[in-house]
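*Asks:* One structure is given below, represented as structure tokens, and several questions about it will come after.
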Amino acid sequence: MTYLQKKFGLPALVSDASAHQAFGADLATNQSLVPAHVEVGAQHYDNLDVEIDPEARTYWCSMLPQGRGSFTPGLLQDLIGMQKSIERMFAERTHEAKPPFDYFVLASRCPGIFNRGGDLGLFAEKIRLGERDALRSYAHSCIEAVYNGYVSFNSPVVTIALVQGEALGGGFESALALDLIVAEKSARMGFPEILFNLFPGMGAYSLLSRRLGAAQAEKMILSGKIYTAEELHEIGIVDVLAEDGEGELATREYIDRHAYRHNAYRAVFQTRKRVNPVTFNELRDVTDIWVEAAMGLSESDLRRMGRLTAAQDRRQTSRNMAMVASVSAE
């Protein structure tokens, strides 16, 4: 399986905040902003790799969280910062003939993992300590990131999730929030939370019920089943099914093939959200229900959560060792 390789970006030099200051956000005095791909190429995030392909007019964002392949607090902070920088970038360039880019792709550089969702270690710690407010703060950060993706950063872009490997829990939710999902055949997606007596509370019900109806959404959530990309393609959740190792190529080909219809496709996706919208208040209310459910988990539930985390870590360690051996053999 191949994963995204940096092709068009510049070396990471400064933080987004520093780049913002250096490039000048005050349009009243500075109308000559640097090209968007140069600005993004100068940004640095600890848990993300970002770049704009100016020819394909595509912003590529690859997750690379420090530690486990889940939504750590650091990854969430970087995602939200990146999302705000995109919204700002478009607002600053309204005077330009073309917007900064037309497509946004969320992918991962973790081999075999798109994202495994919530930080289960953090969950267990906060639940055992009775730190409800800290757990709620983390959960609200999750839905802020999900909602920003759902509304396309309030910018005229088509958003795409490129799923290679596992997209579980919040990882699946983050993909569902975007306009399209491209997945390789070996990708696996689902909601395992029921295995430790919880439910996915950061958008799963809201997003799935809009696509499949409430009954089917509940069936998927309560089953705990992990679906193959092919199964999800058959029911319309995965939009583009790619051969293993060809997800990036399939994404680029989709963008190239539909670029001249970008205006129409964006309008259709915008209409989808207007006709059957998911609101931020809805996501927040469901997340508050999730927090109360999480605080009600028993010690045996938390031990099951820990066993699931340990099993995921063992699979990742085994995968990493196999990759190292393969590279060494070459």
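Here, A, B, ... name the chains of the structure tokens in the order displayed, residue numbers run from 1 inside each chain, and ligands are numbered from 1 in the same displayed order.
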Residues within 12 Å of range 206-221 of chain A, please, as a PyMOL selection string. Count only C-alpha atoms; anything in the same chain fewer than 2 positions from it doesn't count.

*Replies:* chain A and resi 143+146-147+150+168-170+172-179+189-195+197-204+223-227+232+235-238+272-287

*Asks:* Would you kindly return, as a list in words, each protein, DNA or RNA residue with an atom no farther than 9 Å from any atom of Asp119 in chain A, considering only C-alpha atoms and excluding same-chain residues fewer than 4 positions away?

*Replies:*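 So, after excluding close chain neighbours, the residues are Arg68, Gly69, Ser70, Phe71, Thr72, Pro73, Phe123 and Ala124 of chain A.
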
*Asks:* Please produce an output containing C-alpha atoms for each residue in the selection, written as a PDB file, in the first residue's frame.

*Replies:*
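To be explicit, this is the file written out as part08.pdb:
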ATOM      1  CA  ARG A  68      -1.171   6.580  18.369  1.00  0.00           C
ATOM      2  CA  GLY A  69      -3.044   7.079  15.114  1.00  0.00           C
ATOM      3  CA  SER A  70      -6.036   8.707  16.758  1.00  0.00           C
ATOM      4  CA  PHE A  71      -7.405  12.178  17.426  1.00  0.00           C
ATOM      5  CA  THR A  72      -4.928  13.216  20.078  1.00  0.00           C
ATOM      6  CA  PRO A  73      -5.342  16.697  21.588  1.00  0.00           C
ATOM      7  CA  PHE A 123     -11.041   8.892  27.778  1.00  0.00           C
ATOM      8  CA  ALA A 124     -10.222   6.256  30.386  1.00  0.00           C
TER       9      ALA A 124
END

*Asks:* Among range 85-326 of chain A, which ones does DSSP place in alpha helix (DSSP H), written as a PyMOL selection string?

*Replies:* chain A and resi 85-92+120-129+132-150+170-176+204-212+214-223+229-234+247-258+262-275+280-295+299-326

*Asks:* I need the residue nearest Asn263 in chain A from this list: A:Glu292, A:Asp102, A:Glu246, A:Glu144. Use only C-alpha atoms for the distance.

*Replies:* A:Asp102

*Asks:* Give me, as a PyMOL selection string, the residues of range 45-201 of chain A that a backbone DSSP run labels strand (DSSP E or B).

*Replies:* chain A and resi 48-53+58-63+71+103-108+113-115+118+158-163+166-168+180-184+188-190

*Asks:* Next, dump the selected residues to file, keeping only N, CA and C atoms, as a CSV table (one decimal), in the first residue's frame.

*Replies:*
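File written: result_17.csv
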chain,number,residue,atom,x,y,z
A,48,LEU,N,0.4,17.4,11.2
A,48,LEU,CA,-0.1,17.5,9.9
A,48,LEU,C,1.0,17.8,8.9
A,49,ASP,N,0.8,17.3,7.7
A,49,ASP,CA,1.6,17.7,6.6
A,49,ASP,C,0.7,18.4,5.5
A,50,VAL,N,0.9,19.6,5.2
A,50,VAL,CA,0.0,20.3,4.3
A,50,VAL,C,0.7,20.9,3.1
A,51,GLU,N,0.0,21.0,2.0
A,51,GLU,CA,0.5,21.5,0.8
A,51,GLU,C,-0.6,21.8,-0.2
A,52,ILE,N,-0.4,22.8,-1.1
A,52,ILE,CA,-1.3,23.0,-2.2
A,52,ILE,C,-0.6,22.6,-3.5
A,53,ASP,N,-1.3,21.8,-4.3
A,53,ASP,CA,-0.9,21.5,-5.7
A,53,ASP,C,-1.5,22.6,-6.5
A,58,THR,N,-5.5,21.9,-5.6
A,58,THR,CA,-6.0,21.0,-4.5
A,58,THR,C,-5.1,21.2,-3.3
A,59,TYR,N,-5.7,21.3,-2.2
A,59,TYR,CA,-5.1,21.4,-0.9
A,59,TYR,C,-5.0,20.0,-0.3
A,60,TRP,N,-3.8,19.5,0.0
A,60,TRP,CA,-3.6,18.1,0.5
A,60,TRP,C,-3.3,18.3,2.0
A,61,CYS,N,-4.0,17.6,2.9
A,61,CYS,CA,-3.8,17.6,4.3
A,61,CYS,C,-3.6,16.2,4.8
A,62,SER,N,-2.4,15.8,5.2
A,62,SER,CA,-2.1,14.5,5.6
A,62,SER,C,-1.9,14.4,7.1
A,63,MET,N,-2.7,13.6,7.8
A,63,MET,CA,-2.6,13.5,9.3
A,63,MET,C,-1.4,12.6,9.6
A,71,PHE,N,-7.3,10.7,17.3
A,71,PHE,CA,-7.4,12.2,17.4
A,71,PHE,C,-6.9,12.6,18.8
A,103,TYR,N,-10.3,22.1,-4.4
A,103,TYR,CA,-10.5,20.8,-3.7
A,103,TYR,C,-9.6,20.7,-2.5
A,104,PHE,N,-10.2,20.1,-1.5
A,104,PHE,CA,-9.4,19.8,-0.2
A,104,PHE,C,-9.5,18.3,0.0
A,105,VAL,N,-8.3,17.7,0.3
A,105,VAL,CA,-8.2,16.2,0.5
A,105,VAL,C,-7.6,16.0,1.9
A,106,LEU,N,-8.3,15.2,2.7
A,106,LEU,CA,-7.9,14.8,4.0
A,106,LEU,C,-7.4,13.3,3.9
A,107,ALA,N,-6.1,13.1,4.2
A,107,ALA,CA,-5.5,11.8,4.1
A,107,ALA,C,-4.7,11.5,5.4
A,108,SER,N,-3.9,10.5,5.3
A,108,SER,CA,-3.1,10.1,6.4
A,108,SER,C,-1.7,9.6,6.0
A,113,ILE,N,-3.5,3.1,8.7
A,113,ILE,CA,-4.4,3.8,9.5
A,113,ILE,C,-4.8,5.2,8.9
A,114,PHE,N,-6.1,5.4,8.7
A,114,PHE,CA,-6.6,6.7,8.3
A,114,PHE,C,-6.7,7.5,9.7
A,115,ASN,N,-7.5,7.0,10.5
A,115,ASN,CA,-7.6,7.5,11.9
A,115,ASN,C,-8.4,6.6,12.7
A,118,GLY,N,-11.3,8.5,18.6
A,118,GLY,CA,-11.0,9.2,19.9
A,118,GLY,C,-9.8,8.7,20.6
A,158,VAL,N,-14.7,21.7,-2.7
A,158,VAL,CA,-15.2,20.3,-2.6
A,158,VAL,C,-14.2,19.6,-1.7
A,159,THR,N,-14.7,18.9,-0.7
A,159,THR,CA,-13.9,18.2,0.3
A,159,THR,C,-13.9,16.7,0.1
A,160,ILE,N,-12.8,16.1,0.2
A,160,ILE,CA,-12.6,14.6,-0.1
A,160,ILE,C,-11.8,14.0,1.0
A,161,ALA,N,-12.3,12.8,1.5
A,161,ALA,CA,-11.5,12.0,2.4
A,161,ALA,C,-10.9,10.9,1.6
A,162,LEU,N,-9.6,10.7,1.7
A,162,LEU,CA,-8.9,9.6,1.1
A,162,LEU,C,-8.6,8.6,2.2
A,163,VAL,N,-9.3,7.5,2.2
A,163,VAL,CA,-9.2,6.5,3.3
A,163,VAL,C,-8.3,5.4,2.9
A,166,GLU,N,-7.4,1.8,8.3
A,166,GLU,CA,-8.6,1.8,9.3
A,166,GLU,C,-9.1,3.2,9.5
A,167,ALA,N,-10.4,3.4,9.4
A,167,ALA,CA,-11.1,4.6,9.8
A,167,ALA,C,-12.2,4.2,10.8
A,168,LEU,N,-11.9,4.3,12.1
A,168,LEU,CA,-12.7,3.8,13.1
A,168,LEU,C,-13.2,4.9,14.0
A,180,LEU,N,-17.1,13.8,-0.2
A,180,LEU,CA,-16.8,12.6,-0.9
A,180,LEU,C,-15.8,11.7,-0.1
A,181,ILE,N,-16.0,10.4,-0.3
A,181,ILE,CA,-15.0,9.5,0.3
A,181,ILE,C,-14.4,8.6,-0.8
A,182,VAL,N,-13.1,8.7,-0.9
A,182,VAL,CA,-12.3,7.8,-1.8
A,182,VAL,C,-11.7,6.7,-0.9
A,183,ALA,N,-11.8,5.5,-1.1
A,183,ALA,CA,-11.3,4.4,-0.2
A,183,ALA,C,-10.6,3.3,-1.0
A,184,GLU,N,-9.5,2.8,-0.5
A,184,GLU,CA,-8.9,1.7,-1.1
A,184,GLU,C,-9.6,0.4,-0.6
A,188,ARG,N,-10.9,-0.3,6.1
A,188,ARG,CA,-12.0,-0.8,6.9
A,188,ARG,C,-12.5,0.3,7.8
A,189,MET,N,-13.9,0.4,7.8
A,189,MET,CA,-14.5,1.5,8.5
A,189,MET,C,-15.6,1.0,9.4
A,190,GLY,N,-15.8,1.7,10.5
A,190,GLY,CA,-16.9,1.3,11.4
A,190,GLY,C,-16.8,1.9,12.8

*Asks:* CA of Asn148 in chain A and CA of Lys98 in chain A, how far apart in Å?

*Replies:*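 It comes out at 22.1 Å.
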
*Asks:* Which residue out of A:Ser155, A:Val38, A:Tyr45, A:Phe196 has the minimum interatomic distance to Arg304 in chain A when only C-alpha atoms are used?

*Replies:* A:Phe196

*Asks:* If you measure from CA of Ile86 in chain A to CA of Tyr265 in chain A, what distance in Å do you get, rounded to one decimal?

*Replies:*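 Between CA of Ile86 in chain A and CA of Tyr265 in chain A the gap works out to 20.0 Å.
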
*Asks:* Measuring between only C-alpha atoms, which one of A:Ile80, A:Ala187, A:Val268, A:Leu302 shows the shortest distance to Pro156 in chain A?

*Replies:* A:Val268

*Asks:* For the atom pair CA of Glu131 in chain A and CA of Asp46 in chain A, what is the interatomic distance in Å to one decimal place?

*Replies:*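 The value is 26.8 Å.
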
*Asks:* When distances are computed from only C-alpha atoms, which of A:Gly121, A:Leu33, A:Glu231, A:Gly149 shows the smallest separation from Thr94 in chain A?

*Replies:*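 Among the listed residues, the smallest separation from Thr94 in chain A belongs to A:Leu33.
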